[in-house]
Structure formats: C-alpha cells, structure tokens
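Shown here: upload.cif, mmCIF, C-alpha atoms.
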```cif
data_input
#
loop_
_atom_site.label_atom_id
_atom_site.label_comp_id
_atom_site.auth_asym_id
_atom_site.auth_seq_id
_atom_site.Cartn_x
_atom_site.Cartn_y
_atom_site.Cartn_z
CA MET A 1 24.67 21.85 141.88
CA ALA A 2 23.45 25.12 143.41
CA ASN A 3 26.79 26.89 144.04
CA ASN A 4 24.99 29.10 146.55
CA ILE A 5 27.34 31.16 148.70
CA GLY A 6 26.30 32.09 152.20
CA PHE A 7 27.95 34.71 154.40
CA GLY A 8 28.55 34.38 158.10
CA LYS A 9 30.13 30.93 158.18
CA ILE A 10 33.69 29.60 158.17
CA TYR A 11 34.48 27.10 155.44
CA ASP A 12 37.57 24.97 155.70
CA SER A 13 38.66 23.78 152.26
CA THR A 14 40.15 20.62 153.74
CA TRP A 15 36.72 19.34 154.64
CA TRP A 16 35.36 19.72 151.14
CA GLY A 17 34.38 16.44 149.57
CA ASN A 18 33.51 15.01 152.99
CA GLY A 19 29.81 15.58 153.42
CA VAL A 20 29.63 18.68 151.17
CA THR A 21 27.38 17.76 148.24
CA ASP A 22 26.30 21.06 146.65
CA ASN A 23 29.10 23.58 147.37
CA SER A 24 26.49 25.87 148.96
CA ILE A 25 28.28 28.98 150.19
CA SER A 26 26.72 31.96 152.00
CA TRP A 27 27.80 35.60 151.68
CA GLY A 28 29.66 36.87 154.73
CA ILE A 29 31.50 33.58 155.22
CA ILE A 30 35.21 33.56 156.03
CA TYR A 31 36.99 30.91 153.96
CA LYS A 32 39.89 29.15 155.61
CA ASP A 33 42.41 27.57 153.23
CA LEU A 34 44.65 25.08 154.99
CA ALA A 35 47.46 25.20 152.44
CA GLY A 36 50.65 25.53 154.49
CA SER A 37 48.80 24.65 157.70
CA ASP A 38 50.76 23.49 160.74
CA ASP A 39 48.12 20.85 161.46
CA PHE A 40 48.67 17.16 160.83
CA ILE A 41 45.78 16.21 158.56
CA ILE A 42 44.73 12.69 157.60
CA THR A 43 41.78 11.03 155.86
CA VAL A 44 40.32 7.83 157.26
CA LYS A 45 37.64 5.34 156.21
CA THR A 46 36.01 4.01 159.33
CA ASP A 47 34.44 0.87 157.90
CA ASN A 48 37.69 -0.58 156.59
CA THR A 49 38.98 -3.49 158.61
CA GLY A 50 40.47 -2.52 161.96
CA THR A 51 40.34 -3.02 165.70
CA SER A 52 37.77 -0.27 166.29
CA THR A 53 34.14 -0.41 165.14
CA ASP A 54 32.88 0.57 161.68
CA THR A 55 32.11 4.09 162.88
CA GLN A 56 35.36 4.64 164.77
CA PHE A 57 39.02 5.36 164.22
CA THR A 58 41.74 4.97 166.84
CA ILE A 59 44.76 7.26 166.70
CA PRO A 60 47.72 5.13 167.87
CA THR A 61 50.65 6.67 169.73
CA SER A 62 53.89 5.62 171.40
CA THR A 63 56.13 7.39 173.88
CA SER A 64 59.23 5.52 172.73
CA GLY A 65 61.77 7.76 171.06
CA ILE A 66 60.04 11.09 171.70
CA THR A 67 61.52 14.17 173.32
CA THR A 68 58.27 16.13 173.56
CA PRO A 69 55.19 14.61 175.23
CA PHE A 70 51.86 14.26 173.46
CA LEU A 71 49.39 17.07 174.03
CA TYR A 72 47.13 17.50 171.03
CA ASP A 73 43.71 18.66 169.95
CA ILE A 74 41.49 17.06 167.31
CA GLU A 75 39.01 18.52 164.85
CA THR A 76 37.02 16.31 162.52
CA SER A 77 35.20 17.00 159.28
CA ASP A 78 31.86 16.14 160.91
CA GLY A 79 32.36 18.98 163.41
CA GLN A 80 33.80 17.27 166.48
CA THR A 81 36.47 18.89 168.66
CA ILE A 82 38.40 16.78 171.19
CA THR A 83 41.03 18.62 173.22
CA GLY A 84 43.85 17.80 175.62
CA ASN A 85 44.73 14.33 174.30
CA THR A 86 47.92 12.78 175.68
CA GLY A 87 47.93 9.29 174.14
CA ASP A 88 45.80 6.96 172.03
CA THR A 89 42.41 8.44 171.15
CA THR A 90 39.38 6.70 169.66
CA ILE A 91 37.02 8.95 167.68
CA THR A 92 33.40 7.88 167.17
CA PHE A 93 31.67 9.25 164.07
CA PRO A 94 27.90 9.45 163.42
CA SER A 95 28.05 6.87 160.63
CA ALA A 96 30.51 4.77 158.67
CA GLY A 97 32.41 6.60 155.95
CA GLU A 98 35.38 8.80 155.08
CA TYR A 99 36.38 11.66 157.37
CA ASP A 100 39.24 14.13 157.70
CA ILE A 101 41.00 14.48 161.03
CA LYS A 102 43.08 17.55 161.95
CA ILE A 103 45.60 17.25 164.76
CA SER A 104 47.21 20.32 166.32
CA GLY A 105 49.51 20.86 169.29
CA SER A 106 52.23 18.29 170.06
CA PHE A 107 51.97 15.05 168.10
CA PRO A 108 55.40 13.48 167.50
CA TYR A 109 54.58 9.90 166.57
CA MET A 110 51.81 7.78 165.04
CA PHE A 111 52.39 4.13 165.91
CA PHE A 112 50.52 1.57 163.80
CA VAL A 113 53.35 -1.00 163.62
CA ASN A 114 51.24 -3.33 161.44
CA GLY A 115 48.24 -3.34 163.73
CA GLY A 116 45.24 -1.39 164.98
CA ASP A 117 43.35 0.61 162.38
CA LYS A 118 46.19 0.55 159.84
CA LEU A 119 43.82 -0.20 156.93
CA LYS A 120 41.54 2.72 157.78
CA LEU A 121 44.19 5.35 157.03
CA LEU A 122 43.71 6.54 153.43
CA ASP A 123 45.77 9.71 153.05
CA ILE A 124 48.23 12.02 154.75
CA LYS A 125 47.07 15.40 153.45
CA ASN A 126 49.43 17.55 155.48
CA PHE A 127 52.33 16.64 157.78
CA GLY A 128 52.41 19.97 159.63
CA ILE A 129 53.54 19.38 163.21
CA TYR A 130 54.01 15.67 162.73
CA ALA A 131 57.30 14.18 164.03
CA LEU A 132 58.32 17.37 165.85
CA GLY A 133 59.87 16.14 169.13
CA SER A 134 60.60 12.65 167.79
CA THR A 135 63.86 10.77 167.31
CA SER A 136 62.24 7.48 166.30
CA GLN A 137 59.60 6.66 163.72
CA TYR A 138 59.93 2.91 164.21
CA GLY A 139 56.98 1.16 162.54
CA ALA A 140 54.99 4.39 162.39
CA PHE A 141 52.94 3.66 159.26
CA TYR A 142 53.93 0.01 158.91
CA GLY A 143 51.08 -1.92 157.33
CA CYS A 144 49.09 1.12 156.15
CA SER A 145 48.59 -0.50 152.77
CA ASN A 146 45.66 1.75 151.75
CA MET A 147 47.54 4.97 152.49
CA VAL A 148 48.75 7.54 149.97
CA ILE A 149 50.56 10.78 150.73
CA SER A 150 49.09 13.83 149.02
CA ALA A 151 50.87 16.23 151.41
CA THR A 152 53.18 18.74 149.76
CA ASP A 153 54.93 19.85 152.95
CA SER A 154 57.86 18.00 154.54
CA GLY A 155 56.83 17.72 158.19
CA ASN A 156 59.39 17.80 160.98
CA PHE A 157 61.53 14.67 160.55
CA GLY A 158 64.85 16.50 160.91
CA SER A 159 65.72 15.00 164.33
CA VAL A 160 64.64 11.43 163.55
CA THR A 161 67.45 8.88 163.61
CA ASN A 162 65.41 5.66 163.53
CA PHE A 163 63.38 4.94 160.39
CA ILE A 164 63.10 1.18 160.92
CA ARG A 165 59.93 -0.13 159.18
CA THR A 166 58.47 3.40 159.07
CA TRP A 167 56.64 2.96 155.75
CA ARG A 168 56.90 -0.81 155.43
CA ASP A 169 54.08 -2.41 153.42
CA CYS A 170 52.63 0.94 152.34
CA SER A 171 51.80 -0.78 149.09
CA SER A 172 49.50 1.95 147.70
CA LEU A 173 52.26 4.57 147.63
CA THR A 174 53.27 5.34 144.03
CA SER A 175 55.57 8.23 144.96
CA PHE A 176 57.24 9.57 148.09
CA PRO A 177 57.74 13.15 149.29
CA LEU A 178 61.11 14.83 149.81
CA LEU A 179 61.21 14.60 153.61
CA ASP A 180 64.11 15.73 155.80
CA THR A 181 65.87 12.47 156.70
CA SER A 182 69.28 14.04 157.26
CA SER A 183 69.66 12.66 160.80
CA GLY A 184 68.59 9.14 159.91
CA THR A 185 71.14 6.46 160.80
CA THR A 186 69.07 3.31 160.36
CA PHE A 187 66.76 2.82 157.39
CA ASN A 188 66.31 -0.89 158.02
CA ARG A 189 63.16 -2.04 156.09
CA ALA A 190 61.97 1.58 155.89
CA TRP A 191 60.20 1.08 152.53
CA THR A 192 60.07 -2.73 152.41
CA ASP A 193 57.13 -3.99 150.29
CA CYS A 194 56.22 -0.55 148.96
CA SER A 195 55.47 -2.45 145.79
CA SER A 196 53.73 0.38 143.90
CA LEU A 197 56.54 2.95 144.16
CA THR A 198 57.76 3.77 140.66
CA SER A 199 60.40 6.35 141.62
CA PHE A 200 62.19 7.57 144.71
CA PRO A 201 63.26 11.12 145.64
CA LEU A 202 66.75 12.39 146.40
CA ILE A 203 66.34 12.35 150.17
CA ASP A 204 69.30 13.00 152.47
CA THR A 205 70.68 9.65 153.63
CA SER A 206 74.20 10.88 154.32
CA SER A 207 74.10 9.75 157.97
CA GLY A 208 72.65 6.32 157.21
CA THR A 209 74.68 3.28 158.21
CA ASP A 210 72.08 0.48 158.15
CA PHE A 211 70.28 0.00 154.83
CA GLN A 212 69.25 -3.60 155.39
CA SER A 213 66.16 -4.42 153.27
CA THR A 214 65.45 -0.70 152.86
CA TRP A 215 63.77 -0.98 149.43
CA TYR A 216 63.14 -4.74 149.62
CA ASN A 217 60.44 -5.79 147.14
CA CYS A 218 59.88 -2.31 145.74
CA SER A 219 59.08 -4.20 142.58
CA SER A 220 57.72 -1.25 140.57
CA LEU A 221 60.77 0.99 140.92
CA THR A 222 62.14 1.62 137.42
CA SER A 223 64.96 3.97 138.41
CA PHE A 224 66.81 5.01 141.52
CA SER A 225 68.25 8.30 142.72
CA LEU A 226 71.95 8.93 143.37
CA LEU A 227 71.54 8.97 147.15
CA ASP A 228 74.41 9.76 149.50
CA THR A 229 75.17 6.36 151.03
CA SER A 230 78.75 7.19 152.00
CA SER A 231 78.20 6.16 155.64
CA GLY A 232 76.48 2.87 154.80
CA THR A 233 77.98 -0.38 156.10
CA ASP A 234 75.14 -2.91 155.68
CA PHE A 235 73.50 -3.33 152.27
CA SER A 236 72.04 -6.78 152.84
CA PHE A 237 68.78 -7.30 150.89
CA THR A 238 68.65 -3.55 150.20
CA TRP A 239 67.16 -3.72 146.68
CA TYR A 240 66.03 -7.35 146.83
CA ASN A 241 63.39 -8.03 144.16
CA CYS A 242 63.42 -4.52 142.73
CA SER A 243 62.56 -6.40 139.60
CA SER A 244 61.67 -3.37 137.42
CA LEU A 245 64.98 -1.53 137.86
CA THR A 246 66.73 -1.35 134.49
CA SER A 247 69.82 0.56 135.64
CA PHE A 248 71.54 1.57 138.85
CA PRO A 249 73.47 4.72 139.85
CA LEU A 250 77.10 4.93 140.96
CA ILE A 251 76.36 5.26 144.68
CA ASP A 252 79.10 5.39 147.32
CA THR A 253 79.55 1.91 148.81
CA SER A 254 83.17 2.37 149.89
CA ILE A 255 82.73 1.23 153.51
CA VAL A 256 79.98 -1.36 153.01
CA THR A 257 81.01 -4.77 154.32
CA ASN A 258 77.80 -6.76 153.85
CA PHE A 259 76.32 -7.03 150.35
CA THR A 260 74.24 -10.16 151.03
CA SER A 261 71.41 -10.35 148.46
CA ALA A 262 71.71 -6.60 147.82
CA TRP A 263 70.44 -6.81 144.20
CA PHE A 264 69.01 -10.33 144.31
CA ASN A 265 66.33 -10.73 141.61
CA CYS A 266 66.85 -7.31 140.05
CA LEU A 267 66.06 -9.17 136.89
CA SER A 268 65.66 -6.15 134.58
CA ILE A 269 69.09 -4.58 135.17
CA THR A 270 71.20 -4.92 132.03
CA SER A 271 74.46 -3.38 133.25
CA PHE A 272 76.01 -2.45 136.57
CA PRO A 273 78.24 0.48 137.57
CA LEU A 274 81.81 0.19 138.85
CA ILE A 275 80.89 0.71 142.51
CA ASP A 276 83.54 0.63 145.23
CA THR A 277 83.26 -2.78 146.89
CA SER A 278 86.76 -2.79 148.38
CA SER A 279 85.44 -3.19 151.95
CA GLY A 280 82.96 -5.93 151.08
CA THR A 281 83.43 -9.28 152.80
CA ASN A 282 80.06 -10.95 152.27
CA PHE A 283 78.80 -11.25 148.68
CA ASP A 284 76.36 -14.09 149.34
CA ARG A 285 73.67 -13.97 146.54
CA THR A 286 74.50 -10.32 145.82
CA TRP A 287 73.51 -10.37 142.13
CA LYS A 288 71.65 -13.69 142.13
CA SER A 289 68.95 -13.95 139.42
CA CYS A 290 69.96 -10.70 137.71
CA SER A 291 69.01 -12.53 134.56
CA SER A 292 69.26 -9.53 132.18
CA LEU A 293 72.76 -8.55 133.29
CA ALA A 294 74.80 -8.85 130.08
CA SER A 295 78.16 -7.65 131.42
CA PHE A 296 79.89 -7.17 134.74
CA PRO A 297 82.48 -4.58 135.80
CA LEU A 298 85.94 -5.19 137.29
CA ILE A 299 84.94 -4.40 140.86
CA ASP A 300 87.31 -4.75 143.82
CA THR A 301 86.49 -7.99 145.64
CA SER A 302 89.86 -8.35 147.36
CA SER A 303 88.27 -8.48 150.84
CA GLY A 304 85.47 -10.84 149.86
CA THR A 305 85.26 -14.17 151.68
CA ASN A 306 81.76 -15.48 150.93
CA PHE A 307 80.84 -15.73 147.26
CA SER A 308 78.07 -18.31 147.63
CA SER A 309 75.52 -17.92 144.80
CA THR A 310 76.85 -14.42 144.06
CA TRP A 311 76.06 -14.53 140.33
CA GLU A 312 73.81 -17.59 140.35
CA GLY A 313 71.15 -17.37 137.65
CA CYS A 314 72.78 -14.45 135.78
CA SER A 315 71.78 -16.21 132.61
CA SER A 316 72.73 -13.40 130.19
CA LEU A 317 76.38 -13.11 131.24
CA ALA A 318 78.60 -14.40 128.45
CA SER A 319 81.98 -13.50 129.92
CA PHE A 320 83.43 -12.65 133.30
CA PRO A 321 86.21 -10.29 134.45
CA LEU A 322 89.37 -11.28 136.34
CA LEU A 323 88.24 -10.42 139.87
CA ASP A 324 90.45 -10.70 142.95
CA THR A 325 89.25 -13.81 144.80
CA SER A 326 92.34 -14.18 146.99
CA SER A 327 90.32 -13.93 150.24
CA GLY A 328 87.47 -16.16 149.07
CA THR A 329 86.54 -19.16 151.21
CA SER A 330 83.26 -20.31 149.61
CA PHE A 331 82.17 -20.49 145.98
CA LEU A 332 79.10 -22.63 146.55
CA TYR A 333 76.73 -22.24 143.52
CA THR A 334 78.55 -19.00 142.57
CA TRP A 335 77.98 -19.16 138.79
CA ASN A 336 75.33 -21.88 138.82
CA GLY A 337 72.74 -21.31 136.11
CA CYS A 338 74.84 -18.79 134.16
CA THR A 339 73.70 -20.56 131.03
CA SER A 340 75.30 -18.08 128.60
CA LEU A 341 78.68 -18.01 130.33
CA THR A 342 81.28 -19.22 127.84
CA SER A 343 84.38 -17.17 128.65
CA PHE A 344 86.16 -17.27 132.01
CA PRO A 345 89.57 -15.73 132.77
CA VAL A 346 92.84 -17.47 133.44
CA ASN A 347 94.49 -17.38 136.92
CA MET A 348 91.23 -16.48 138.72
CA PHE A 349 91.86 -18.74 141.76
CA ASP A 350 95.67 -18.96 141.83
CA THR A 351 95.99 -17.48 145.34
CA CYS A 352 92.60 -18.55 146.69
CA SER A 353 92.36 -20.83 149.73
CA ALA A 354 88.77 -21.93 149.06
CA THR A 355 87.93 -25.62 148.78
CA ASN A 356 84.16 -25.36 148.35
CA PHE A 357 83.30 -25.07 144.65
CA THR A 358 80.21 -27.26 144.97
CA ASN A 359 77.99 -26.60 141.93
CA ALA A 360 79.99 -23.42 141.27
CA PHE A 361 79.86 -23.97 137.50
CA ARG A 362 76.78 -26.16 137.26
CA ASN A 363 74.58 -25.50 134.21
CA THR A 364 77.01 -23.14 132.45
CA ASN A 365 78.21 -23.05 128.83
CA LEU A 366 81.96 -22.77 129.38
CA SER A 367 84.34 -23.15 126.47
CA GLN A 368 87.08 -25.75 126.69
CA THR A 369 89.67 -23.05 127.26
CA SER A 370 87.62 -21.59 130.11
CA ILE A 371 87.09 -24.87 131.97
CA ASP A 372 90.79 -25.60 131.54
CA ASN A 373 91.59 -22.14 132.97
CA ILE A 374 89.43 -22.80 136.03
CA LEU A 375 90.78 -26.28 136.80
CA VAL A 376 94.42 -25.28 136.34
CA SER A 377 93.96 -22.23 138.55
CA ILE A 378 92.36 -24.22 141.39
CA ASP A 379 95.16 -26.76 141.12
CA THR A 380 97.74 -23.97 141.25
CA ALA A 381 96.26 -22.72 144.54
CA GLY A 382 97.44 -25.98 146.13
CA GLN A 383 94.50 -26.67 148.45
CA SER A 384 93.40 -30.17 149.49
CA ASN A 385 90.12 -32.03 150.08
CA GLY A 386 87.82 -29.78 148.11
CA THR A 387 84.72 -30.19 145.99
CA PHE A 388 84.22 -28.95 142.41
CA ASN A 389 81.23 -29.34 140.08
CA GLN A 390 80.77 -28.38 136.43
CA SER A 391 77.93 -29.30 134.08
CA GLY A 392 77.03 -27.99 130.65
CA GLY A 393 79.46 -26.49 128.18
CA SER A 394 82.63 -28.16 126.98
CA ALA A 395 84.63 -30.98 128.48
CA PRO A 396 88.17 -30.13 129.58
CA SER A 397 91.10 -30.82 127.29
CA ALA A 398 94.17 -32.82 128.26
CA VAL A 399 95.37 -29.73 130.13
CA GLY A 400 92.26 -29.64 132.27
CA LEU A 401 92.26 -33.41 132.78
CA ALA A 402 95.82 -33.23 134.08
CA ALA A 403 94.71 -30.64 136.63
CA ILE A 404 91.82 -32.92 137.64
CA ALA A 405 94.27 -35.76 138.18
CA ASN A 406 96.42 -33.56 140.42
CA LEU A 407 93.43 -32.37 142.43
CA THR A 408 92.15 -35.93 142.86
CA THR A 409 95.44 -36.99 144.42
CA LYS A 410 95.01 -34.10 146.86
CA GLY A 411 91.64 -35.44 147.99
CA TRP A 412 89.33 -33.37 145.80
CA THR A 413 86.02 -34.65 144.48
CA ILE A 414 85.61 -33.41 140.90
CA THR A 415 82.53 -33.60 138.67
CA TYR A 416 82.85 -32.22 135.15
CA THR A 417 81.38 -32.32 131.65
CA THR A 418 82.51 -35.34 129.63
#
```

So, in terms of structure tokens, how does the structure I just supplied come out?
Amino acid sequence: MANNIGFGKIYDSTWWGNGVTDNSISWGIIYKDLAGSDDFIITVKTDNTGTSTDTQFTIPTSTSGITTPFLYDIETSDGQTITGNTGDTTITFPSAGEYDIKISGSFPYMFFVNGGDKLKLLDIKNFGIYALGSTSQYGAFYGCSNMVISATDSGNFGSVTNFIRTWRDCSSLTSFPLLDTSSGTTFNRAWTDCSSLTSFPLIDTSSGTDFQSTWYNCSSLTSFSLLDTSSGTDFSFTWYNCSSLTSFPLIDTSIVTNFTSAWFNCLSITSFPLIDTSSGTNFDRTWKSCSSLASFPLIDTSSGTNFSSTWEGCSSLASFPLLDTSSGTSFLYTWNGCTSLTSFPVNMFDTCSATNFTNAFRNTNLSQTSIDNILVSIDTAGQSNGTFNQSGGSAPSAVGLAAIANLTTKGWTITYTT
C-alpha cells in the first residue's frame, strides 16, 4: 500500500473502502469528514436480488404520510451527481458491486414495504435528514434483511406517529439505535422477525397504544428494556417467540385489555413480574409454552373473560396462585400440558360462570387434594351443561367424586383420572 498523499483534491471519508485500494492521497487535498453530516447515507450492493438490474439500485419513495414533499439530490461513491429528484430514482452504476449513496435536501420516507430492491440495501451509515417532514414510516425498511445500521446519529423521527412494519424482517440487525420515537402511537409489527437482535434500547414509547406483534419472533433477544408502555392497550403477540428472553421487566400494562399470545413461546423465562393486568379481558395463550416458568405471580385477572390456553405447556409450573376468575367464560386447554403442576388452590372457580373446561387440566400432575379442590369449586359455581377434562395426576377422592356426581346431574360431561 503506497499511502501517497496528493494535494488539490477533495477526499470524502465516507467513500473510502468503495473503490479506494491504495489510500493514495495528494498534498493540497481538502479532506471532508462526514461525521455529523446532515446527509442520509446508505450502502448498497447492486447485484443482490432486486427489481432493478445488477448494476442498478432504485430508491423507493412514497408520498403517504409526509408533510414535506420530496426534493433531493444524490451523490454516489463512483462520482455521479443526480439533482432535483422528486420521487423514485433508479441509479445506474458502471459495474456491479457495493456503492455508497448520499442523499441531501428533502427526503422524508424510504418505502421498500417488502419489495423492490430491499435485499440490495446493506447499511444505513447516517440518518441525517431522513424522516424530516414525515408522520408515517409504514413499511419503510420492511424486508431489508441484509441491512445493518452503523449510523450513530438519530435522524428526524420526532414527528412520526406510525411505525407499522417499519423494520419488519430486518433479520441482520443485531442492535438498534436510540431513535426519537416519542410521537409514535402505533408500533404494530415494527420489529417483527428481527431475529438477530440481542438487545433493545430504551426508546421513548410513552405515546404508544398499539404494540401488536411489535417484537414478534425477535428470538435472539436475551433481555428487554423498561420501556414506558403506560398508554398501551393492545399487547397481542407482542413478544411472541422471544425464545431467548430469560427475564422480563415490570413494565406498565395498567390499561392493556388484550394480552393474546403476548409472551407465547418465551420458553427461557423462568419467572414473571407482578405486572398490572387489571384491565385485561383477553388472556388467550398469553403465557403458552413458557416451559421454563417455574412460578407465577398473583396478578389481577378480575376482568379476564378468555383464558383459553393461557398457561398451556408451562411444564415447569408446580403450583398455581389463587387468581380471580370470576369473569372467566372459557378455560379451554388453559393448563393443558402443565406436566409438573401438582398444587392447585381451593375456591378458584366458586363465582365463575364458565362452562367450558375442555382439556383444561389434560396432561397435568395434580394431587388428589388439588383435583378435589377444582371439582368442588366448579360444582359450587352452580353452572349447567359444561365440559371438564382431566388426565394425568391423581384420581379424585370421595369428595371429588361427589362433586362429579352433582355436576353430572346438571348436564356436565366429566372426564377424569381413574
């Protein structure tokens, strides 16, 4: 390597590594360091699969959810300058390979939405002007599975309210920058299938209401930040299959109504915090297949109606707390597959109107006292024409058999261990 320095030229450090092979520099040159630049800078690989040719890259745009129109200039690392762009722009390079693209001016929104040249985007090196004049980043980088973010700046996301699918399927991301998401109200599927993320920053989610599937299948996350989720109402599938999480923070869930599959298959979590679930109505599959969960807190489930498969497959749970099930209407498969469950509280269903206990205690290891407790409590509730299934564990005693006889006369179908 010569390391010759030549004067009289402008060198832009961002372009280094793209066509520069010997670091030849001439005396008299002005060096331009783009650290802190306002430009939006990306790296692309033109011969990755896409809709443009192997020597091209198409910049995708959308006018939906922008408050400032597109008017941007382009500079490329091979020396091209393209000015006055107002929408999608296809750049043709001299040969296939990796190139840097600098965008200046007004550029509020890149719109891949799982199409176009999504696989050609390799890196966001600098956010700069990006997202300024945008209220929606719907699907912006969705499907950019080869993309990493080396940028150290935070861009201009402060006015964005819609983050639906923004970084969905960005499966090469191992970390995420601390962007300004303070105006975001919907984070629906924002980081779905970001399966290489190992940690997540303490971004501002205080305005967020919709967290449906937000971190769905972020299967490499080992920990999670104490985000402000105080405005959240929908937590359905939020951390579904975050299978490497070993613990979870005490986030604010006080007004969440829908917890459907929220922590489904978080199979490495060993304990769970006493979160506020007092507003929750739907607990369908909420902790299903949390197979390492060894204990469960006395959460407030007084508003819960649907408990179908809520703790199904929690095979390490040995005992269960006396939760309030007074509003429950369905217990279909609720504790099915809780193979270590031996201890169950008395009076659990005394005021419950549910009649669907189909496979609720299938494949459990209940003690005789526990199965007696359950049968007597359901009988005490006084409902008719229900279904109850138990398998595994102990057979009921005379006390439990008497409750079965009472329930049978009220039209119940009962299956139990004999």

- prompt: Smallest atom-to-atom distance to A:Cys314: which of A:Ser134, A:Asn359, A:Ser206, A:Ser268, using only C-alpha atoms?
  reply: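 Residue with the minimum atom-to-atom distance to A:Cys314: A:Ser268.
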
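Using all atoms listed in the file, the nearest neighbour of A:Thr418 within the list A:Thr355, A:Thr209, A:Thr89, A:Gln368 is A:Gln368.
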
So that each row is one residue of stretch 131-208 of chain A with an atom at most 10 Å from stretch 47-66 of chain A, can you give its shortest atom pair and the distance in Å to one decimal, using only C-alpha atoms, rows by chain and rising number, as a Markdown table?
```
| residue | atom | partner | partner_atom | distance |
| --- | --- | --- | --- | --- |
| A:Ala131 | CA | A:Ile66 | CA | 8.7 |
| A:Leu132 | CA | A:Ile66 | CA | 8.8 |
| A:Gly133 | CA | A:Ile66 | CA | 5.7 |
| A:Ser134 | CA | A:Ile66 | CA | 4.2 |
| A:Thr135 | CA | A:Gly65 | CA | 5.2 |
| A:Ser136 | CA | A:Gly65 | CA | 4.8 |
| A:Gln137 | CA | A:Gly65 | CA | 7.7 |
| A:Tyr138 | CA | A:Gly65 | CA | 8.6 |
| A:Ala140 | CA | A:Thr61 | CA | 8.8 |
| A:Asn146 | CA | A:Asn48 | CA | 9.6 |
| A:Val160 | CA | A:Gly65 | CA | 8.8 |
| A:Thr161 | CA | A:Gly65 | CA | 9.4 |
| A:Asn162 | CA | A:Gly65 | CA | 8.6 |
```

- prompt: Can you tell me, as a list in words, what residues are no more than 8 Å from A:Ala151 when counting only C-alpha atoms, ignoring any on the same chain fewer than 3 positions away?
  reply: Ile124, Lys125, Asn126, Phe127, Ser154 and Pro177 of chain A

query: Excluding same-chain residues fewer than 6 positions from A:Phe224, what lies within 12 Å of it counting all atoms listed in the file, as a ChimeraX atom specification?
result: /A:197-203,215,218,239,242,244-251,269
